[in-house]
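K.L.:
Data: final_23.pdb, PDB, N, CA and C atoms.
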ATOM      1  N   MET A 270     122.156  55.390-147.437
ATOM      2  CA  MET A 270     121.652  54.395-148.324
ATOM      3  C   MET A 270     120.392  54.847-149.028
ATOM      4  N   THR A 271     120.011  56.062-148.860
ATOM      5  CA  THR A 271     118.810  56.555-149.502
ATOM      6  C   THR A 271     118.936  56.435-151.007
ATOM      7  N   GLY A 272     117.887  55.880-151.624
ATOM      8  CA  GLY A 272     117.872  55.773-153.069
ATOM      9  C   GLY A 272     118.543  54.533-153.626
ATOM     10  N   GLU A 273     119.252  53.773-152.782
ATOM     11  CA  GLU A 273     119.910  52.577-153.285
ATOM     12  C   GLU A 273     118.927  51.426-153.373
ATOM     13  N   THR A 274     119.103  50.595-154.366
ATOM     14  CA  THR A 274     118.314  49.374-154.474
ATOM     15  C   THR A 274     119.070  48.281-153.742
ATOM     16  N   THR A 275     118.390  47.637-152.798
ATOM     17  CA  THR A 275     119.025  46.569-152.047
ATOM     18  C   THR A 275     118.162  45.327-152.099
ATOM     19  N   THR A 276     118.778  44.207-151.858
ATOM     20  CA  THR A 276     118.030  42.958-151.809
ATOM     21  C   THR A 276     118.363  42.242-150.515
ATOM     22  N   SER A 277     117.477  41.397-150.084
ATOM     23  CA  SER A 277     117.749  40.619-148.887
ATOM     24  C   SER A 277     117.986  39.179-149.269
ATOM     25  N   SER A 278     118.676  38.484-148.417
ATOM     26  CA  SER A 278     118.986  37.092-148.664
ATOM     27  C   SER A 278     118.592  36.269-147.446
ATOM     28  N   ILE A 279     117.731  35.303-147.653
ATOM     29  CA  ILE A 279     117.338  34.405-146.570
ATOM     30  C   ILE A 279     117.068  33.052-147.203
ATOM     31  N   SER A 280     117.492  32.015-146.540
ATOM     32  CA  SER A 280     117.273  30.697-147.129
ATOM     33  C   SER A 280     116.562  29.783-146.158
ATOM     34  N   ALA A 281     115.742  28.930-146.702
ATOM     35  CA  ALA A 281     115.024  27.945-145.896
ATOM     36  C   ALA A 281     116.053  27.051-145.221
ATOM     37  N   GLY A 282     115.773  26.678-144.014
ATOM     38  CA  GLY A 282     116.686  25.823-143.275
ATOM     39  C   GLY A 282     117.728  26.601-142.496
ATOM     40  N   THR A 283     117.711  27.921-142.587
ATOM     41  CA  THR A 283     118.658  28.728-141.843
ATOM     42  C   THR A 283     118.330  28.655-140.366
ATOM     43  N   LYS A 284     119.312  28.320-139.553
ATOM     44  CA  LYS A 284     119.119  28.306-138.106
ATOM     45  C   LYS A 284     120.471  28.339-137.430
ATOM     46  N   CYS A 285     120.457  28.599-136.145
ATOM     47  CA  CYS A 285     121.685  28.662-135.363
ATOM     48  C   CYS A 285     121.832  27.377-134.562
ATOM     49  N   GLY A 286     122.591  26.455-135.059
ATOM     50  CA  GLY A 286     122.875  25.228-134.336
ATOM     51  C   GLY A 286     121.637  24.435-133.973
ATOM     52  N   GLU A 287     121.725  23.719-132.903
ATOM     53  CA  GLU A 287     120.640  22.856-132.446
ATOM     54  C   GLU A 287     120.031  23.352-131.146
ATOM     55  N   ARG A 288     120.260  24.612-130.764
ATOM     56  CA  ARG A 288     119.829  25.095-129.464
ATOM     57  C   ARG A 288     118.816  26.222-129.563
ATOM     58  N   GLU A 289     117.868  26.120-130.478
ATOM     59  CA  GLU A 289     116.895  27.188-130.659
ATOM     60  C   GLU A 289     116.080  27.445-129.410
ATOM     61  N   THR A 290     115.737  26.412-128.645
ATOM     62  CA  THR A 290     114.848  26.565-127.492
ATOM     63  C   THR A 290     115.489  27.314-126.332
ATOM     64  N   VAL A 291     116.776  27.529-126.352
ATOM     65  CA  VAL A 291     117.418  28.266-125.268
ATOM     66  C   VAL A 291     116.900  29.700-125.192
ATOM     67  N   TYR A 292     116.337  30.219-126.275
ATOM     68  CA  TYR A 292     115.832  31.586-126.322
ATOM     69  C   TYR A 292     114.319  31.656-126.185
ATOM     70  N   CYS A 293     113.677  30.562-125.797
ATOM     71  CA  CYS A 293     112.222  30.500-125.718
ATOM     72  C   CYS A 293     111.747  30.436-124.271
ATOM     73  N   GLY A 294     110.554  30.950-124.065
ATOM     74  CA  GLY A 294     109.900  30.878-122.768
ATOM     75  C   GLY A 294     108.407  30.839-122.980
ATOM     76  N   THR A 295     107.650  31.089-121.928
ATOM     77  CA  THR A 295     106.195  31.055-122.052
ATOM     78  C   THR A 295     105.677  32.211-122.898
ATOM     79  N   GLY A 296     106.472  33.248-123.084
ATOM     80  CA  GLY A 296     106.061  34.394-123.888
ATOM     81  C   GLY A 296     106.672  34.385-125.270
ATOM     82  N   ASP A 297     106.889  33.213-125.851
ATOM     83  CA  ASP A 297     107.437  33.044-127.198
ATOM     84  C   ASP A 297     108.955  32.994-127.188
ATOM     85  N   CYS A 298     109.540  33.031-128.374
ATOM     86  CA  CYS A 298     110.986  32.926-128.546
ATOM     87  C   CYS A 298     111.549  34.252-129.041
ATOM     88  N   THR A 299     112.687  34.634-128.508
ATOM     89  CA  THR A 299     113.382  35.825-128.978
ATOM     90  C   THR A 299     113.964  35.515-130.352
ATOM     91  N   MET A 300     113.800  36.451-131.266
ATOM     92  CA  MET A 300     114.201  36.207-132.641
ATOM     93  C   MET A 300     114.768  37.470-133.267
ATOM     94  N   ASN A 301     115.871  37.346-133.969
ATOM     95  CA  ASN A 301     116.450  38.434-134.752
ATOM     96  C   ASN A 301     116.550  37.970-136.196
ATOM     97  N   ILE A 302     116.227  38.864-137.124
ATOM     98  CA  ILE A 302     116.398  38.583-138.542
ATOM     99  C   ILE A 302     117.332  39.640-139.104
ATOM    100  N   LEU A 303     118.363  39.180-139.772
ATOM    101  CA  LEU A 303     119.327  40.062-140.416
ATOM    102  C   LEU A 303     119.166  39.942-141.922
ATOM    103  N   ALA A 304     119.191  41.057-142.621
ATOM    104  CA  ALA A 304     119.107  41.062-144.084
ATOM    105  C   ALA A 304     120.473  41.434-144.651
ATOM    106  N   ALA A 305     120.897  40.710-145.668
ATOM    107  CA  ALA A 305     122.173  40.983-146.321
ATOM    108  C   ALA A 305     122.037  42.190-147.232
ATOM    109  N   LEU A 306     123.014  43.070-147.163
ATOM    110  CA  LEU A 306     123.051  44.261-148.003
ATOM    111  C   LEU A 306     124.147  44.108-149.057
ATOM    112  N   PRO A 307     124.030  44.818-150.156
ATOM    113  CA  PRO A 307     125.122  44.791-151.135
ATOM    114  C   PRO A 307     126.423  45.229-150.461
ATOM    115  N   GLY A 308     127.500  44.609-150.819
ATOM    116  CA  GLY A 308     128.779  44.961-150.233
ATOM    117  C   GLY A 308     129.126  44.126-149.003
ATOM    118  N   GLY A 309     128.211  43.241-148.592
ATOM    119  CA  GLY A 309     128.529  42.340-147.493
ATOM    120  C   GLY A 309     128.049  42.751-146.117
ATOM    121  N   ASP A 310     127.538  43.968-145.945
ATOM    122  CA  ASP A 310     127.011  44.374-144.645
ATOM    123  C   ASP A 310     125.673  43.694-144.390
ATOM    124  N   VAL A 311     125.255  43.693-143.119
ATOM    125  CA  VAL A 311     123.940  43.177-142.757
ATOM    126  C   VAL A 311     123.204  44.228-141.949
ATOM    127  N   ARG A 312     121.878  44.141-141.979
ATOM    128  CA  ARG A 312     121.035  45.075-141.240
ATOM    129  C   ARG A 312     120.033  44.272-140.423
ATOM    130  N   LEU A 313     119.860  44.657-139.164
ATOM    131  CA  LEU A 313     118.846  44.051-138.318
ATOM    132  C   LEU A 313     117.488  44.554-138.781
ATOM    133  N   VAL A 314     116.618  43.640-139.234
ATOM    134  CA  VAL A 314     115.301  44.051-139.718
ATOM    135  C   VAL A 314     114.174  43.607-138.789
ATOM    136  N   PHE A 315     114.449  42.645-137.892
ATOM    137  CA  PHE A 315     113.443  42.218-136.917
ATOM    138  C   PHE A 315     114.144  41.837-135.625
ATOM    139  N   ASP A 316     113.657  42.385-134.531
ATOM    140  CA  ASP A 316     114.152  42.075-133.194
ATOM    141  C   ASP A 316     112.918  41.963-132.313
ATOM    142  N   GLY A 317     112.387  40.758-132.183
ATOM    143  CA  GLY A 317     111.148  40.602-131.440
ATOM    144  C   GLY A 317     110.939  39.175-130.985
ATOM    145  N   ARG A 318     109.681  38.843-130.731
ATOM    146  CA  ARG A 318     109.320  37.525-130.226
ATOM    147  C   ARG A 318     108.281  36.886-131.132
ATOM    148  N   ALA A 319     108.380  35.577-131.282
ATOM    149  CA  ALA A 319     107.418  34.804-132.059
ATOM    150  C   ALA A 319     107.353  33.399-131.470
ATOM    151  N   HIS A 320     106.177  32.788-131.565
ATOM    152  CA  HIS A 320     106.020  31.416-131.088
ATOM    153  C   HIS A 320     106.735  30.455-132.034
ATOM    154  N   SER A 321     106.540  30.674-133.325
ATOM    155  CA  SER A 321     107.222  29.886-134.344
ATOM    156  C   SER A 321     107.199  30.674-135.648
ATOM    157  N   TYR A 322     107.921  30.166-136.632
ATOM    158  CA  TYR A 322     107.950  30.829-137.929
ATOM    159  C   TYR A 322     108.150  29.786-139.018
ATOM    160  N   GLU A 323     107.804  30.166-140.235
ATOM    161  CA  GLU A 323     108.003  29.306-141.397
ATOM    162  C   GLU A 323     108.430  30.190-142.558
ATOM    163  N   ILE A 324     109.533  29.847-143.188
ATOM    164  CA  ILE A 324     109.966  30.559-144.391
ATOM    165  C   ILE A 324     109.212  29.950-145.560
ATOM    166  N   LYS A 325     108.390  30.751-146.199
ATOM    167  CA  LYS A 325     107.528  30.273-147.287
ATOM    168  C   LYS A 325     108.370  30.009-148.542
ATOM    169  N   PRO A 326     107.905  29.116-149.404
ATOM    170  CA  PRO A 326     108.618  28.869-150.671
ATOM    171  C   PRO A 326     108.732  30.165-151.477
ATOM    172  N   LYS A 327     109.812  30.265-152.215
ATOM    173  CA  LYS A 327     110.033  31.465-153.025
ATOM    174  C   LYS A 327     108.917  31.620-154.056
ATOM    175  N   SER A 328     108.442  32.855-154.186
ATOM    176  CA  SER A 328     107.379  33.166-155.149
ATOM    177  C   SER A 328     107.894  33.018-156.576
ATOM    178  N   ILE A 329     106.989  32.687-157.483
ATOM    179  CA  ILE A 329     107.377  32.614-158.892
ATOM    180  C   ILE A 329     107.323  33.984-159.565
ATOM    181  N   LYS A 330     106.794  34.992-158.825
ATOM    182  CA  LYS A 330     106.750  36.347-159.372
ATOM    183  C   LYS A 330     108.162  36.921-159.419
ATOM    184  N   PRO A 331     108.594  37.425-160.576
ATOM    185  CA  PRO A 331     109.926  38.023-160.677
ATOM    186  C   PRO A 331     110.084  39.186-159.692
ATOM    187  N   GLY A 332     111.182  39.209-158.966
ATOM    188  CA  GLY A 332     111.473  40.299-158.049
ATOM    189  C   GLY A 332     110.762  40.230-156.713
ATOM    190  N   ALA A 333     109.965  39.193-156.485
ATOM    191  CA  ALA A 333     109.227  39.081-155.220
ATOM    192  C   ALA A 333     110.171  38.730-154.075
ATOM    193  N   SER A 334     109.901  39.284-152.914
ATOM    194  CA  SER A 334     110.701  39.013-151.717
ATOM    195  C   SER A 334     110.269  37.692-151.085
ATOM    196  N   ARG A 335     111.170  37.064-150.339
ATOM    197  CA  ARG A 335     110.802  35.891-149.553
ATOM    198  C   ARG A 335     109.831  36.334-148.467
ATOM    199  N   VAL A 336     108.946  35.449-148.061
ATOM    200  CA  VAL A 336     107.941  35.745-147.049
ATOM    201  C   VAL A 336     108.126  34.796-145.877
ATOM    202  N   ILE A 337     108.000  35.348-144.682
ATOM    203  CA  ILE A 337     108.034  34.529-143.474
ATOM    204  C   ILE A 337     106.673  34.616-142.806
ATOM    205  N   ARG A 338     106.147  33.454-142.416
ATOM    206  CA  ARG A 338     104.888  33.366-141.664
ATOM    207  C   ARG A 338     105.257  33.243-140.195
ATOM    208  N   PHE A 339     104.708  34.137-139.382
ATOM    209  CA  PHE A 339     104.962  34.154-137.945
ATOM    210  C   PHE A 339     103.723  33.704-137.187
ATOM    211  N   ASP A 340     103.882  32.833-136.217
ATOM    212  CA  ASP A 340     102.830  32.496-135.262
ATOM    213  C   ASP A 340     103.151  33.275-133.993
ATOM    214  N   LEU A 341     102.271  34.216-133.652
ATOM    215  CA  LEU A 341     102.487  35.116-132.525
ATOM    216  C   LEU A 341     101.458  34.854-131.433
ATOM    217  N   LEU A 342     101.673  35.459-130.279
ATOM    218  CA  LEU A 342     100.669  35.406-129.219
ATOM    219  C   LEU A 342      99.385  36.061-129.711
ATOM    220  N   GLY A 343      98.243  35.580-129.239
ATOM    221  CA  GLY A 343      96.947  36.097-129.658
ATOM    222  C   GLY A 343      96.765  37.579-129.438
ATOM    223  N   SER A 344      97.479  38.141-128.476
ATOM    224  CA  SER A 344      97.336  39.567-128.180
ATOM    225  C   SER A 344      97.756  40.454-129.347
ATOM    226  N   TYR A 345      98.557  39.934-130.267
ATOM    227  CA  TYR A 345      98.961  40.719-131.441
ATOM    228  C   TYR A 345      97.825  40.872-132.444
ATOM    229  N   CYS A 346      96.759  40.059-132.279
ATOM    230  CA  CYS A 346      95.582  40.153-133.154
ATOM    231  C   CYS A 346      94.342  40.561-132.367
ATOM    232  N   GLY A 347      94.522  41.101-131.169
ATOM    233  CA  GLY A 347      93.394  41.538-130.361
ATOM    234  C   GLY A 347      92.797  40.448-129.497
ATOM    235  N   GLY A 348      93.409  39.279-129.463
ATOM    236  CA  GLY A 348      92.934  38.179-128.635
ATOM    237  C   GLY A 348      93.706  38.119-127.329
ATOM    238  N   PHE A 349      93.963  36.890-126.880
ATOM    239  CA  PHE A 349      94.764  36.708-125.671
ATOM    240  C   PHE A 349      95.896  35.734-125.965
ATOM    241  N   GLY A 350      96.819  35.602-125.023
ATOM    242  CA  GLY A 350      98.062  34.870-125.219
ATOM    243  C   GLY A 350      97.964  33.490-125.823
ATOM    244  N   ALA A 351      97.042  32.645-125.327
ATOM    245  CA  ALA A 351      96.995  31.259-125.796
ATOM    246  C   ALA A 351      96.443  31.119-127.218
ATOM    247  N   GLN A 352      95.741  32.118-127.708
ATOM    248  CA  GLN A 352      95.246  32.070-129.085
ATOM    249  C   GLN A 352      96.409  32.317-130.045
ATOM    250  N   THR A 353      96.349  31.689-131.204
ATOM    251  CA  THR A 353      97.399  31.902-132.197
ATOM    252  C   THR A 353      97.031  33.074-133.093
ATOM    253  N   CYS A 354      97.988  33.899-133.360
ATOM    254  CA  CYS A 354      97.844  35.035-134.273
ATOM    255  C   CYS A 354      98.856  34.821-135.394
ATOM    256  N   VAL A 355      98.397  34.740-136.622
ATOM    257  CA  VAL A 355      99.276  34.498-137.759
ATOM    258  C   VAL A 355      99.462  35.788-138.537
ATOM    259  N   LYS A 356     100.710  36.139-138.793
ATOM    260  CA  LYS A 356     101.033  37.304-139.618
ATOM    261  C   LYS A 356     102.144  36.917-140.573
ATOM    262  N   GLU A 357     102.136  37.518-141.750
ATOM    263  CA  GLU A 357     103.187  37.279-142.734
ATOM    264  C   GLU A 357     103.862  38.596-143.077
ATOM    265  N   ARG A 358     105.151  38.531-143.332
ATOM    266  CA  ARG A 358     105.917  39.707-143.720
ATOM    267  C   ARG A 358     106.884  39.336-144.832
ATOM    268  N   ALA A 359     106.983  40.205-145.810
ATOM    269  CA  ALA A 359     108.018  40.062-146.833
ATOM    270  C   ALA A 359     109.335  40.496-146.195
ATOM    271  N   ILE A 360     110.369  39.734-146.444
ATOM    272  CA  ILE A 360     111.675  40.080-145.886
ATOM    273  C   ILE A 360     112.404  40.968-146.891
ATOM    274  N   THR A 361     112.597  42.179-146.493
ATOM    275  CA  THR A 361     113.333  43.151-147.289
ATOM    276  C   THR A 361     114.404  43.740-146.377
ATOM    277  N   THR A 362     115.000  44.820-146.761
ATOM    278  CA  THR A 362     115.999  45.461-145.906
ATOM    279  C   THR A 362     115.380  46.529-145.012
ATOM    280  N   ARG A 363     114.050  46.651-145.027
ATOM    281  CA  ARG A 363     113.366  47.631-144.172
ATOM    282  C   ARG A 363     112.980  46.976-142.840
ATOM    283  N   PRO A 364     113.396  47.541-141.714
ATOM    284  CA  PRO A 364     113.036  46.976-140.413
ATOM    285  C   PRO A 364     111.518  46.971-140.192
ATOM    286  N   PHE A 365     111.036  45.979-139.444
ATOM    287  CA  PHE A 365     109.617  45.882-139.110
ATOM    288  C   PHE A 365     109.470  45.325-137.697
ATOM    289  N   ALA A 366     108.294  45.517-137.132
ATOM    290  CA  ALA A 366     107.977  44.993-135.800
ATOM    291  C   ALA A 366     106.481  44.699-135.749
ATOM    292  N   PHE A 367     106.103  43.826-134.852
ATOM    293  CA  PHE A 367     104.689  43.543-134.602
ATOM    294  C   PHE A 367     104.292  44.295-133.341
ATOM    295  N   ARG A 368     103.141  44.925-133.376
ATOM    296  CA  ARG A 368     102.640  45.688-132.237
ATOM    297  C   ARG A 368     101.311  45.123-131.779
ATOM    298  N   GLU A 369     101.108  45.100-130.477
ATOM    299  CA  GLU A 369      99.824  44.702-129.930
ATOM    300  C   GLU A 369      98.858  45.873-130.026
ATOM    301  N   PRO A 370      97.602  45.604-130.417
ATOM    302  CA  PRO A 370      96.631  46.719-130.533
ATOM    303  C   PRO A 370      96.272  47.303-129.177
TER     304      PRO A 370
END
As structure tokens, how would this structure be written, given the file I've shared?
P.N.:
Amino acid sequence: MTGETTTSSISAGTKCGERETVYCGTGDCTMNILAALPGGDVRLVFDGRAHSYEIKPKSIKPGASRVIRFDLLGSYCGGFGAQTCVKERAITTRPFAFREP
């Protein structure tokens, strides 16, 4: 896929049924994000944990990617677990992960 232009597709309100909490514990919720590729394939772009997330409204900038706001454990920002750490990521077809410092 080197050199190909791809786009991702994500829509607000996307969720798996009514059982989201089955994947949650004291250390956040397990979460996977898949990005749609041209031709119908999907790619795993995030496989990690988050306390919660919010899909931000689509930007008015032409060609801008959708953005997701993640609420993570404080340790991802150099704090401790009970503190909230907020990070945002543009959803593209490039995989990403959050790392603790």
K.L.:
Quick one: apply the PyMOL selection byres (((chain A and resi 369 and name CA) around 6) and name CA) to the file and drop the selected residues here as a PDB file with N, CA and C atoms, in the frame of the given file.
P.N.:
ATOM      1  N   SER A 344      97.479  38.141-128.476  1.00  0.00           N
ATOM      2  CA  SER A 344      97.336  39.567-128.180  1.00  0.00           C
ATOM      3  C   SER A 344      97.756  40.454-129.347  1.00  0.00           C
ATOM      4  N   TYR A 345      98.557  39.934-130.267  1.00  0.00           N
ATOM      5  CA  TYR A 345      98.961  40.719-131.441  1.00  0.00           C
ATOM      6  C   TYR A 345      97.825  40.872-132.444  1.00  0.00           C
ATOM      7  N   ARG A 368     103.141  44.925-133.376  1.00  0.00           N
ATOM      8  CA  ARG A 368     102.640  45.688-132.237  1.00  0.00           C
ATOM      9  C   ARG A 368     101.311  45.123-131.779  1.00  0.00           C
ATOM     10  N   PRO A 370      97.602  45.604-130.417  1.00  0.00           N
ATOM     11  CA  PRO A 370      96.631  46.719-130.533  1.00  0.00           C
ATOM     12  C   PRO A 370      96.272  47.303-129.177  1.00  0.00           C
TER      13      PRO A 370
END
K.L.:
Would you kindly return, as a PyMOL selection string, each protein, DNA or RNA residue with an atom no farther than 5 Å from any atom of range 336-342 of chain A, considering only N, CA and C atoms and excluding same-chain residues fewer than 5 positions away?
P.N.:
chain A and resi 319-325+350+352+354-360
K.L.:
Just the number, please: distance in Å from CA of Ala366 in chain A to CA of Gly308 in chain A, one decimal.
P.N.:
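Rounded to one decimal, the two atoms are 25.3 Å apart.
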K.L.:
Grab the CA of Val314 in chain A to atom N of Thr299 in chain A distance for me, in Å with one decimal place.
P.N.:
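If I compute the distance from CA of Val314 in chain A to atom N of Thr299 in chain A, I get 14.9 Å.
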K.L.:
Return as a ChimeraX atom specification the full set of residues in range 310-359 of chain A whose backbone-based DSSP assignment is strand (DSSP E).
P.N.:
/A:311-319,321-324,336-342,353-359
K.L.:
In Å, rounded to a single decimal, give me how far atom C of Pro364 in chain A is from atom N of Arg312 in chain A.
P.N.:
10.9 Å
K.L.:
Using only C-alpha atoms for the distances, tell me which of A:Pro326, A:Gly332, A:Gly317, A:Gly348 is nearest to Asp297 in chain A.
P.N.:
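With only C-alpha atoms as the atom set, the closest residue is A:Gly317.
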K.L.:
Mind checking which residues fall within 7 Å of Leu313 in chain A, counting only C-alpha atoms, ignoring those fewer than 5 positions away in the same chain, and posting them as an MDAnalysis selection string?
P.N.:
chainID A and resid 302:304 364
K.L.:
With distances taken over only C-alpha atoms, which residue among A:Cys293, A:Leu306, A:Phe349, A:Ile329 lies nearest Thr361 in chain A?
P.N.:
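With only C-alpha atoms as the atom set, the closest residue is A:Leu306.
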